[in-house]
>>> print(open('input-v2.pdb').read())   # PDB, C-alpha atoms and all ligand atoms
MODEL        1
ATOM      1  CA  MET A 292      17.184 -18.921 -15.308
ATOM      2  CA  LEU A 293      18.266 -16.880 -12.253
ATOM      3  CA  ARG A 294      15.643 -15.217 -10.085
ATOM      4  CA  LEU A 295      15.300 -12.731  -7.233
ATOM      5  CA  PRO A 296      14.549 -14.091  -3.738
ATOM      6  CA  TYR A 297      10.898 -13.975  -2.621
ATOM      7  CA  ALA A 298      11.743 -11.410   0.096
ATOM      8  CA  GLN A 299      13.065  -8.961  -2.523
ATOM      9  CA  ARG A 300      10.109  -9.601  -4.787
ATOM     10  CA  ALA A 301       7.777  -8.852  -1.862
ATOM     11  CA  GLU A 302       9.352  -5.382  -1.647
ATOM     12  CA  LEU A 303       8.507  -4.709  -5.309
ATOM     13  CA  GLN A 304       4.808  -5.486  -4.856
ATOM     14  CA  THR A 305       2.141  -2.832  -5.161
ATOM     15  CA  ASN A 306      -0.574  -5.419  -4.439
ATOM     16  CA  ALA A 307      -0.885  -6.054  -0.700
ATOM     17  CA  ALA A 308      -2.153  -9.649  -1.036
ATOM     18  CA  ALA A 309       0.711 -10.622  -3.342
ATOM     19  CA  LYS A 310       3.196  -8.994  -0.962
ATOM     20  CA  LYS A 311       1.736 -11.046   1.897
ATOM     21  CA  LEU A 312       1.905 -14.231  -0.186
ATOM     22  CA  LEU A 313       5.592 -13.709  -0.961
ATOM     23  CA  GLN A 314       6.301 -13.021   2.716
ATOM     24  CA  ILE A 315       4.530 -16.271   3.667
ATOM     25  CA  MET A 316       6.514 -18.172   1.021
ATOM     26  CA  GLU A 317       9.748 -16.887   2.543
ATOM     27  CA  ALA A 318       8.655 -17.473   6.164
ATOM     28  CA  LYS A 319       7.295 -20.996   5.618
ATOM     29  CA  GLN A 320       9.896 -21.956   3.012
ATOM     30  CA  SER A 321       7.029 -23.036   0.807
ATOM     31  CA  ASN A 322       6.015 -22.457  -2.785
ATOM     32  CA  LEU A 323       3.411 -25.191  -2.510
ATOM     33  CA  SER A 324      -0.273 -24.641  -3.190
ATOM     34  CA  LEU A 325      -2.694 -27.475  -2.450
ATOM     35  CA  SER A 326      -5.597 -27.860  -4.847
ATOM     36  CA  LEU A 327      -8.376 -28.860  -2.463
ATOM     37  CA  ASP A 328     -10.410 -30.836  -4.993
ATOM     38  CA  VAL A 329     -12.695 -32.787  -2.663
ATOM     39  CA  THR A 330     -16.473 -32.654  -2.481
ATOM     40  CA  SER A 331     -17.383 -32.509   1.214
ATOM     41  CA  LYS A 332     -16.633 -29.733   3.659
ATOM     42  CA  ALA A 333     -15.526 -32.239   6.342
ATOM     43  CA  GLU A 334     -12.876 -33.716   4.027
ATOM     44  CA  ALA A 335     -11.850 -30.261   2.792
ATOM     45  CA  LEU A 336     -11.377 -28.959   6.341
ATOM     46  CA  ARG A 337      -9.590 -32.143   7.432
ATOM     47  CA  LEU A 338      -7.069 -31.844   4.589
ATOM     48  CA  ALA A 339      -6.607 -28.079   4.976
ATOM     49  CA  ASP A 340      -5.877 -28.579   8.656
ATOM     50  CA  ILE A 341      -3.400 -31.436   8.147
ATOM     51  CA  VAL A 342      -1.544 -29.977   5.159
ATOM     52  CA  GLY A 343      -1.986 -26.269   5.992
ATOM     53  CA  PRO A 344       1.390 -25.900   7.774
ATOM     54  CA  LYS A 345       3.151 -26.892   4.519
ATOM     55  CA  LEU A 346       1.338 -24.430   2.245
ATOM     56  CA  CYS A 347       1.714 -20.849   1.123
ATOM     57  CA  LEU A 348      -1.611 -20.965  -0.688
ATOM     58  CA  LEU A 349      -4.748 -23.109  -0.623
ATOM     59  CA  LYS A 350      -6.604 -23.360  -3.923
ATOM     60  CA  THR A 351     -10.339 -24.051  -3.734
ATOM     61  CA  HIS A 352     -13.157 -24.951  -6.108
ATOM     62  CA  ILE A 353     -15.981 -23.828  -3.833
ATOM     63  CA  ASP A 354     -18.619 -25.049  -6.309
ATOM     64  CA  ILE A 355     -17.610 -28.717  -5.977
ATOM     65  CA  ILE A 356     -18.229 -28.817  -2.198
ATOM     66  CA  GLU A 357     -21.710 -30.333  -1.948
ATOM     67  CA  ASP A 358     -22.506 -28.974   1.510
ATOM     68  CA  ALA A 359     -20.644 -25.653   1.257
ATOM     69  CA  ASP A 360     -22.145 -22.929   3.441
ATOM     70  CA  ALA A 361     -21.130 -19.832   5.380
ATOM     71  CA  ALA A 362     -19.854 -21.961   8.282
ATOM     72  CA  PHE A 363     -17.486 -23.762   5.909
ATOM     73  CA  ILE A 364     -16.046 -20.459   4.698
ATOM     74  CA  ALA A 365     -15.648 -19.306   8.307
ATOM     75  CA  ASP A 366     -13.849 -22.546   9.256
ATOM     76  CA  LEU A 367     -11.613 -22.441   6.186
ATOM     77  CA  THR A 368     -10.591 -18.820   6.712
ATOM     78  CA  ALA A 369      -9.907 -19.617  10.397
ATOM     79  CA  LEU A 370      -7.554 -22.417   9.270
ATOM     80  CA  ALA A 371      -5.878 -19.990   6.867
ATOM     81  CA  LYS A 372      -5.153 -17.674   9.803
ATOM     82  CA  GLN A 373      -4.063 -20.475  12.104
ATOM     83  CA  HIS A 374      -1.664 -22.077   9.599
ATOM     84  CA  ASN A 375      -0.679 -18.849   7.808
ATOM     85  CA  PHE A 376      -1.704 -19.520   4.215
ATOM     86  CA  LEU A 377      -3.778 -17.482   1.747
ATOM     87  CA  ILE A 378      -6.797 -18.701  -0.252
ATOM     88  CA  PHE A 379      -7.147 -18.741  -4.026
ATOM     89  CA  GLU A 380     -10.598 -19.583  -5.407
ATOM     90  CA  ASP A 381      -9.980 -21.182  -8.798
ATOM     91  CA  ARG A 382     -13.212 -19.818 -10.306
ATOM     92  CA  LYS A 383     -11.822 -19.155 -13.805
ATOM     93  CA  PHE A 384     -14.256 -16.327 -14.525
ATOM     94  CA  ALA A 385     -14.970 -16.016 -18.248
ATOM     95  CA  ASP A 386     -17.975 -13.730 -18.861
ATOM     96  CA  VAL A 387     -18.675 -10.055 -19.536
ATOM     97  CA  GLY A 388     -17.572  -7.634 -16.821
ATOM     98  CA  ASN A 389     -20.990  -7.024 -15.251
ATOM     99  CA  THR A 390     -21.860 -10.728 -14.975
ATOM    100  CA  VAL A 391     -18.451 -11.543 -13.544
ATOM    101  CA  LYS A 392     -18.829  -8.762 -10.980
ATOM    102  CA  LEU A 393     -22.110 -10.374  -9.848
ATOM    103  CA  GLN A 394     -20.676 -13.922  -9.864
ATOM    104  CA  TYR A 395     -17.715 -12.752  -7.798
ATOM    105  CA  GLU A 396     -19.569 -10.777  -5.103
ATOM    106  CA  SER A 397     -23.040 -12.394  -4.986
ATOM    107  CA  GLY A 398     -24.750 -15.799  -5.084
ATOM    108  CA  PRO A 399     -24.360 -18.484  -2.432
ATOM    109  CA  PHE A 400     -20.575 -18.167  -2.225
ATOM    110  CA  LYS A 401     -19.848 -14.407  -2.102
ATOM    111  CA  ILE A 402     -16.297 -15.211  -3.230
ATOM    112  CA  SER A 403     -15.011 -11.632  -3.059
ATOM    113  CA  SER A 404     -15.679 -11.538   0.696
ATOM    114  CA  TRP A 405     -13.213 -14.318   1.556
ATOM    115  CA  ALA A 406     -10.886 -15.272  -1.329
ATOM    116  CA  ASP A 407      -7.510 -13.519  -1.367
ATOM    117  CA  PHE A 408      -7.147 -14.360  -5.059
ATOM    118  CA  VAL A 409      -9.358 -15.431  -7.965
ATOM    119  CA  ASN A 410      -8.452 -16.168 -11.558
ATOM    120  CA  PHE A 411     -10.000 -15.239 -14.879
ATOM    121  CA  HIS A 412      -9.802 -15.848 -18.604
ATOM    122  CA  LEU A 413      -9.056 -12.848 -20.820
ATOM    123  CA  LEU A 414     -11.151 -14.385 -23.611
ATOM    124  CA  PRO A 415     -14.065 -11.896 -23.230
ATOM    125  CA  GLY A 416     -11.649  -8.904 -23.262
ATOM    126  CA  PRO A 417     -10.328  -6.538 -20.584
ATOM    127  CA  GLY A 418     -13.818  -5.616 -19.302
ATOM    128  CA  ILE A 419     -13.702  -8.832 -17.282
ATOM    129  CA  LEU A 420     -10.896  -7.396 -15.146
ATOM    130  CA  ASP A 421     -12.796  -4.098 -14.781
ATOM    131  CA  GLY A 422     -15.758  -6.131 -13.482
ATOM    132  CA  LEU A 423     -13.617  -7.918 -10.910
ATOM    133  CA  ILE A 424     -12.002  -4.660  -9.781
ATOM    134  CA  ALA A 425     -15.426  -2.970  -9.491
ATOM    135  CA  ALA A 426     -16.824  -5.699  -7.215
ATOM    136  CA  LYS A 427     -17.153  -5.105  -3.486
ATOM    137  CA  GLY A 428     -15.050  -7.400  -1.336
ATOM    138  CA  LYS A 429     -11.928  -7.881   0.725
ATOM    139  CA  ALA A 430      -9.692  -4.828   0.827
ATOM    140  CA  GLU A 431      -6.602  -6.893   0.036
ATOM    141  CA  ARG A 432      -7.127  -9.128  -2.984
ATOM    142  CA  GLY A 433      -5.500  -9.940  -6.280
ATOM    143  CA  PHE A 434      -6.377 -11.371  -9.663
ATOM    144  CA  ILE A 435      -4.580 -14.071 -11.606
ATOM    145  CA  VAL A 436      -4.980 -14.367 -15.367
ATOM    146  CA  LEU A 437      -4.849 -17.735 -17.142
ATOM    147  CA  SER A 438      -2.035 -17.429 -19.680
ATOM    148  CA  GLN A 439      -1.703 -21.129 -20.482
ATOM    149  CA  MET A 440      -3.295 -24.408 -19.411
ATOM    150  CA  SER A 441      -1.909 -27.817 -18.562
ATOM    151  CA  SER A 442      -4.474 -29.871 -20.440
ATOM    152  CA  LYS A 443      -3.855 -31.698 -23.707
ATOM    153  CA  GLY A 444      -5.187 -29.961 -26.823
ATOM    154  CA  ASN A 445      -5.946 -26.632 -25.156
ATOM    155  CA  LEU A 446      -6.509 -23.662 -27.459
ATOM    156  CA  PHE A 447      -4.120 -21.172 -25.862
ATOM    157  CA  THR A 448      -1.812 -19.607 -28.454
ATOM    158  CA  LYS A 449       1.395 -17.612 -28.055
ATOM    159  CA  ASP A 450      -0.360 -14.385 -29.075
ATOM    160  CA  TYR A 451      -3.127 -14.972 -26.548
ATOM    161  CA  SER A 452      -0.612 -15.635 -23.760
ATOM    162  CA  GLN A 453       1.253 -12.437 -24.700
ATOM    163  CA  ALA A 454      -1.996 -10.468 -24.496
ATOM    164  CA  THR A 455      -2.511 -11.722 -20.920
ATOM    165  CA  VAL A 456       0.989 -10.516 -20.028
ATOM    166  CA  ALA A 457       0.302  -7.118 -21.587
ATOM    167  CA  LEU A 458      -2.865  -6.825 -19.487
ATOM    168  CA  ALA A 459      -0.977  -7.741 -16.307
ATOM    169  CA  GLU A 460       1.694  -5.146 -17.102
ATOM    170  CA  GLN A 461      -0.990  -2.483 -17.414
ATOM    171  CA  HIS A 462      -2.511  -3.400 -14.016
ATOM    172  CA  PRO A 463       0.292  -4.611 -11.717
ATOM    173  CA  GLU A 464      -1.580  -3.397  -8.633
ATOM    174  CA  HIS A 465      -4.475  -5.769  -9.457
ATOM    175  CA  VAL A 466      -3.092  -8.619 -11.592
ATOM    176  CA  ILE A 467      -0.531 -10.443  -9.480
ATOM    177  CA  GLY A 468       0.498 -13.059 -12.015
ATOM    178  CA  PHE A 469      -0.366 -15.980 -14.224
ATOM    179  CA  ILE A 470      -1.666 -19.509 -14.293
ATOM    180  CA  CYS A 471       0.821 -20.920 -16.749
ATOM    181  CA  GLN A 472       3.146 -23.743 -17.699
ATOM    182  CA  ASN A 473       6.313 -21.705 -18.155
ATOM    183  CA  LYS A 474       7.762 -18.249 -17.612
ATOM    184  CA  GLN A 475       5.659 -15.509 -19.211
ATOM    185  CA  THR A 476       7.701 -12.415 -18.287
ATOM    186  CA  LYS A 477      10.998 -11.580 -16.620
ATOM    187  CA  ASP A 478       9.292  -8.809 -14.628
ATOM    188  CA  PRO A 479       9.855  -9.989 -11.020
ATOM    189  CA  ARG A 480       6.609  -8.425  -9.784
ATOM    190  CA  PHE A 481       4.521 -11.172 -11.375
ATOM    191  CA  LEU A 482       4.019 -14.637  -9.905
ATOM    192  CA  HIS A 483       3.899 -17.715 -12.102
ATOM    193  CA  LEU A 484       1.543 -20.297 -10.604
ATOM    194  CA  THR A 485       1.625 -23.671 -12.244
ATOM    195  CA  PRO A 486      -0.743 -26.622 -12.105
ATOM    196  CA  GLY A 487       0.018 -29.946 -13.783
ATOM    197  CA  VAL A 488       2.568 -30.971 -11.138
ATOM    198  CA  ASN A 489       2.892 -34.522  -9.848
ATOM    199  CA  LEU A 490       5.843 -36.561  -8.602
ATOM    200  CA  ALA A 491       4.369 -39.939  -9.496
ATOM    201  CA  SER A 492       2.189 -39.555 -12.598
ATOM    202  CA  LYS A 493       2.455 -38.146 -16.133
ATOM    203  CA  GLY A 494      -1.256 -37.452 -16.566
ATOM    204  CA  ASP A 495      -4.802 -38.711 -16.251
ATOM    205  CA  ALA A 496      -7.446 -40.139 -18.592
ATOM    206  CA  LEU A 497      -9.162 -36.743 -18.976
ATOM    207  CA  GLY A 498      -6.383 -34.732 -20.597
ATOM    208  CA  GLN A 499      -4.375 -33.565 -17.590
ATOM    209  CA  GLN A 500      -0.588 -33.481 -18.155
ATOM    210  CA  TYR A 501       1.987 -33.518 -15.343
ATOM    211  CA  ARG A 502       5.646 -32.805 -14.786
ATOM    212  CA  ASP A 503       7.625 -32.691 -11.544
ATOM    213  CA  PRO A 504       8.433 -29.637  -9.358
ATOM    214  CA  THR A 505      12.038 -29.368 -10.583
ATOM    215  CA  GLN A 506      10.954 -29.238 -14.204
ATOM    216  CA  ALA A 507       8.234 -26.674 -13.395
ATOM    217  CA  ILE A 508      10.417 -24.361 -11.307
ATOM    218  CA  VAL A 509      14.009 -24.753 -12.508
ATOM    219  CA  LYS A 510      13.466 -25.472 -16.216
ATOM    220  CA  GLU A 511      10.171 -23.716 -16.885
ATOM    221  CA  GLY A 512      10.638 -20.760 -14.543
ATOM    222  CA  CYS A 513       7.440 -21.052 -12.498
ATOM    223  CA  ASP A 514       7.168 -19.826  -8.883
ATOM    224  CA  ILE A 515       4.325 -21.691  -7.182
ATOM    225  CA  ILE A 516       3.460 -25.344  -7.742
ATOM    226  CA  ILE A 517      -0.218 -26.283  -7.568
ATOM    227  CA  VAL A 518      -0.733 -29.908  -6.572
ATOM    228  CA  GLY A 519      -4.079 -31.664  -6.218
ATOM    229  CA  ARG A 520      -4.382 -35.424  -6.550
ATOM    230  CA  GLY A 521      -0.659 -35.959  -5.953
ATOM    231  CA  ILE A 522      -1.365 -34.984  -2.327
ATOM    232  CA  ILE A 523      -5.059 -35.511  -1.677
ATOM    233  CA  GLU A 524      -5.083 -39.085  -2.970
ATOM    234  CA  ALA A 525      -1.969 -40.079  -1.014
ATOM    235  CA  ASP A 526      -2.279 -42.494   1.903
ATOM    236  CA  ASN A 527      -0.504 -39.935   4.051
ATOM    237  CA  PRO A 528      -1.195 -36.431   2.684
ATOM    238  CA  LEU A 529       1.021 -34.718   5.267
ATOM    239  CA  THR A 530       4.104 -36.812   4.453
ATOM    240  CA  VAL A 531       3.577 -36.380   0.730
ATOM    241  CA  ALA A 532       2.863 -32.649   1.038
ATOM    242  CA  GLU A 533       6.192 -32.303   2.834
ATOM    243  CA  GLU A 534       7.877 -34.107  -0.083
ATOM    244  CA  TYR A 535       6.350 -31.599  -2.510
ATOM    245  CA  ARG A 536       7.266 -28.658  -0.252
ATOM    246  CA  VAL A 537      10.883 -29.784  -0.058
ATOM    247  CA  ALA A 538      11.043 -30.516  -3.800
ATOM    248  CA  GLY A 539       9.560 -27.085  -4.583
ATOM    249  CA  TRP A 540      11.818 -25.269  -2.119
ATOM    250  CA  ASP A 541      14.963 -27.058  -3.329
ATOM    251  CA  ALA A 542      14.048 -26.196  -6.913
ATOM    252  CA  TYR A 543      13.586 -22.533  -5.905
ATOM    253  CA  GLN A 544      16.994 -22.506  -4.190
ATOM    254  CA  THR A 545      18.539 -23.974  -7.345
ATOM    255  CA  SER A 546      16.850 -21.313  -9.462
ATOM    256  CA  LEU A 547      18.452 -18.594  -7.310
ATOM    257  CA  GLY A 548      21.859 -19.878  -8.425
TER     258      GLY A 548
HETATM  259  O1  LIG A 601      -4.243 -25.301 -16.667
HETATM  260  C1  LIG A 601      -4.724 -25.601 -15.595
HETATM  261  C2  LIG A 601      -5.235 -24.639 -14.721
HETATM  262  C3  LIG A 601      -5.717 -25.038 -13.484
HETATM  263  S1  LIG A 601      -6.148 -23.803 -12.373
HETATM  264  N1  LIG A 601      -4.747 -26.904 -15.199
HETATM  265  C4  LIG A 601      -5.266 -27.314 -14.001
HETATM  266  O2  LIG A 601      -5.216 -28.513 -13.705
HETATM  267  N2  LIG A 601      -5.782 -26.371 -13.132
HETATM  268  C5  LIG A 601      -6.372 -26.764 -11.825
HETATM  269  O3  LIG A 601      -5.342 -27.332 -11.030
HETATM  270  C6  LIG A 601      -7.471 -27.814 -11.913
HETATM  271  O4  LIG A 601      -8.736 -27.193 -11.973
HETATM  272  C7  LIG A 601      -7.279 -28.606 -10.626
HETATM  273  O5  LIG A 601      -8.016 -28.006  -9.583
HETATM  274  C8  LIG A 601      -5.806 -28.470 -10.319
HETATM  275  C9  LIG A 601      -4.947 -29.659 -10.705
HETATM  276  O6  LIG A 601      -5.269 -30.784  -9.943
HETATM  277  P1  LIG A 601      -4.458 -32.156 -10.090
HETATM  278  O7  LIG A 601      -5.239 -33.117  -9.255
HETATM  279  O8  LIG A 601      -4.455 -32.538 -11.544
HETATM  280  O9  LIG A 601      -3.072 -31.914  -9.541
ENDMDL
END
>>> encode(input="input-v2.pdb", output="structure tokens")
Amino acid sequence: MLRLPYAQRAELQTNAAAKKLLQIMEAKQSNLSLSLDVTSKAEALRLADIVGPKLCLLKTHIDIIEDADAAFIADLTALAKQHNFLIFEDRKFADVGNTVKLQYESGPFKISSWADFVNFHLLPGPGILDGLIAAKGKAERGFIVLSQMSSKGNLFTKDYSQATVALAEQHPEHVIGFICQNKQTKDPRFLHLTPGVNLASKGDALGQQYRDPTQAIVKEGCDIIIVGRGIIEADNPLTVAEEYRVAGWDAYQTSLG
């Protein structure tokens, strides 16, 4: 499955945040996203600082950080600048457009003011994307639609996944790509971000399913690997993050042919 280099794909982008992400991927030789699934801001900032130089993208679940506050967001966005990565809040919005607009721009987290990317389910229909687009927030931001999931027994069907691709194709300036397990479209404008990646494990006791970076990128055609516990539970997160970065980059080089 041959692909265009990130630099060329950056040129095709009409979404400024996606263009920036592809430029960072090229500059840092990284298609690695860390899933920062820890519950204290001190641990989150410690990990983001250590592993940040290896990342193109940091994925957050802001609602699991017990002491999250405005200072945390300020510190995290400062680290993003310092280490040159973007931030993706994995909020998985799934409500009617007006509620999602409020969840995205209001409440304690004001996600639209700091996250470069957020993701959403298409389950409620296309009004959810209209709600996200209508929200106030960062000038440069993009939306990622969940087209598939990594978990055992999930209810995503082929038709549903195809509907998410059709939506993305109608809004390429807003929808920058997919959370998925394999390639959804050959259109090089869209990024395929894939969770369920681990070098040492095949899954967990709660339905997660893993494969390695080579499988995800070379065989399944994904672009960005999302890794959580594979890195954050390692004795040396920096060393292991570098292993994932190299594995992801080598797989990308292979996919270029
Ligand atoms: O299908 C999915 C979609 C997502 S965004 N499967 C997932 O696991 N995720 C997220 O990726 C999940 O919420 C978690 O934050 C991360 C995977 O973490 P890991 O520790 O299993 O690598």
>>> axis_aligned_box(input="input-v2.pdb", around="region 506-522 of chain A", padding_each_side="8 Å", output="lines of an AutoDock Vina configuration file")
center_x = 4.8
center_y = -27.9
center_z = -9.6
size_x = 34.4
size_y = 32.1
size_z = 30.6
>>> residues_around(input="input-v2.pdb", residues="Ala359 (chain A)", least_positions_apart="5", cutoff="8 Å", atoms="all atoms listed in the file", output="VMD selection string")
chain A and resid 331 to 332 353 to 354 364
>>> residues_near_ligand(input="input-v2.pdb", ligand="ligand LIG 601 (chain A)", cutoff="7 Å", atoms="only C-alpha atoms and all ligand atoms", output="list in words")
Ser326, Asp328, His352, Asp381, Gln439, Met440, Ser441, Ser442, Ile470, Cys471, Pro486, Gly487, Val488, Asn489, Gln499, Ile517, Val518, Gly519, Arg520 and Gly521 of chain A
>>> resolve_selection(input="input-v2.pdb", expression="the PyMOL selection byres (((chain A and resi 480) around 10) and not hetatm)", output="list in words")
Gln299, Arg300, Ala301, Glu302, Leu303, Gln304, Thr305, Asn306, Ala309, Lys310, Glu460, Pro463, Glu464, Val466, Ile467, Gly468, Thr476, Lys477, Asp478, Pro479, Phe481, Leu482 and His483 of chain A
>>> atom_distance(input="input-v2.pdb", atom1="CA of Ala371 (chain A)", atom2="CA of Val391 (chain A)")
25.4 Å
>>> closest_residue(input="input-v2.pdb", among="A:Ile515, A:Leu348, A:Ala426, A:Ala307", to="Ala538 (chain A)", atoms="all atoms listed in the file")
A:Ile515
>>> closest_residue(input="input-v2.pdb", among="A:Asp541, A:Glu317, A:Asp421, A:Asp360", to="Ile508 (chain A)", atoms="only C-alpha atoms")
A:Asp541
>>> closest_residue(input="input-v2.pdb", among="A:Arg536, A:His374, A:Arg337, A:Lys449", to="Ile516 (chain A)", atoms="only C-alpha atoms")
A:Arg536
>>> resolve_selection(input="input-v2.pdb", expression="the PyMOL selection byres (((chain A and resi 437) around 8) and not hetatm)", output="VMD selection string")
chain A and resid 383 410 to 413 435 to 436 438 to 440 455 469 to 471
>>> atom_distance(input="input-v2.pdb", atom1="CA of Leu367 (chain A)", atom2="CA of Lys319 (chain A)")
19.0 Å
>>> atom_distance(input="input-v2.pdb", atom1="CA of Phe376 (chain A)", atom2="CA of Lys345 (chain A)")
8.8 Å
>>> closest_residue(input="input-v2.pdb", among="A:Asp450, A:Glu511, A:Asn389, A:Glu380", to="Phe434 (chain A)", atoms="only C-alpha atoms")
A:Glu380
>>> residues_around(input="input-v2.pdb", residues="Gln394 (chain A)", least_positions_apart="2", cutoff="12 Å", atoms="all atoms listed in the file", output="MDAnalysis selection string")
chainID A and resid 354 382:392 396:404 409 411 419 422:423 426:427
>>> closest_residue(input="input-v2.pdb", among="A:Phe363, A:Tyr535, A:Trp405, A:Tyr297", to="Ala491 (chain A)", atoms="all atoms listed in the file")
A:Tyr535
>>> closest_residue(input="input-v2.pdb", among="A:Pro528, A:Gly444, A:Val509, A:Leu458", to="Ala339 (chain A)", atoms="all atoms listed in the file")
A:Pro528
>>> decode(input="input-v2.pdb", residues="region 390-425 of chain A", atoms="C-alpha atoms", output="short mmCIF file (atom, residue, chain, number, x, y, z; two decimals), in the first residue's frame")
data_model
loop_
_atom_site.label_atom_id
_atom_site.label_comp_id
_atom_site.auth_asym_id
_atom_site.auth_seq_id
_atom_site.Cartn_x
_atom_site.Cartn_y
_atom_site.Cartn_z
CA THR A 390 -25.16 20.10 23.55
CA VAL A 391 -21.86 19.19 21.94
CA LYS A 392 -21.20 22.85 21.15
CA LEU A 393 -21.67 23.64 24.87
CA GLN A 394 -19.57 20.66 26.04
CA TYR A 395 -16.78 21.68 23.68
CA GLU A 396 -16.58 25.41 24.51
CA SER A 397 -17.90 25.63 28.10
CA GLY A 398 -17.73 23.85 31.46
CA PRO A 399 -14.58 23.51 33.56
CA PHE A 400 -12.37 22.48 30.65
CA LYS A 401 -13.22 24.88 27.79
CA ILE A 402 -11.72 22.33 25.39
CA SER A 403 -12.15 24.43 22.25
CA SER A 404 -9.81 27.09 23.67
CA TRP A 405 -6.76 24.81 23.84
CA ALA A 406 -7.19 21.50 21.97
CA ASP A 407 -5.91 21.45 18.39
CA PHE A 408 -8.11 18.43 17.67
CA VAL A 409 -11.13 16.68 19.20
CA ASN A 410 -12.98 13.60 18.04
CA PHE A 411 -16.64 12.72 17.72
CA HIS A 412 -19.04 9.90 16.97
CA LEU A 413 -21.32 10.31 13.96
CA LEU A 414 -24.02 8.27 15.72
CA PRO A 415 -26.32 11.29 16.39
CA GLY A 416 -26.03 12.45 12.74
CA PRO A 417 -24.17 15.28 10.99
CA GLY A 418 -25.56 17.99 13.31
CA ILE A 419 -22.85 16.99 15.78
CA LEU A 420 -20.19 18.29 13.38
CA ASP A 421 -22.21 21.49 12.80
CA GLY A 422 -22.22 21.98 16.59
CA LEU A 423 -18.46 21.57 16.82
CA ILE A 424 -17.88 23.94 13.90
CA ALA A 425 -20.24 26.54 15.42
#
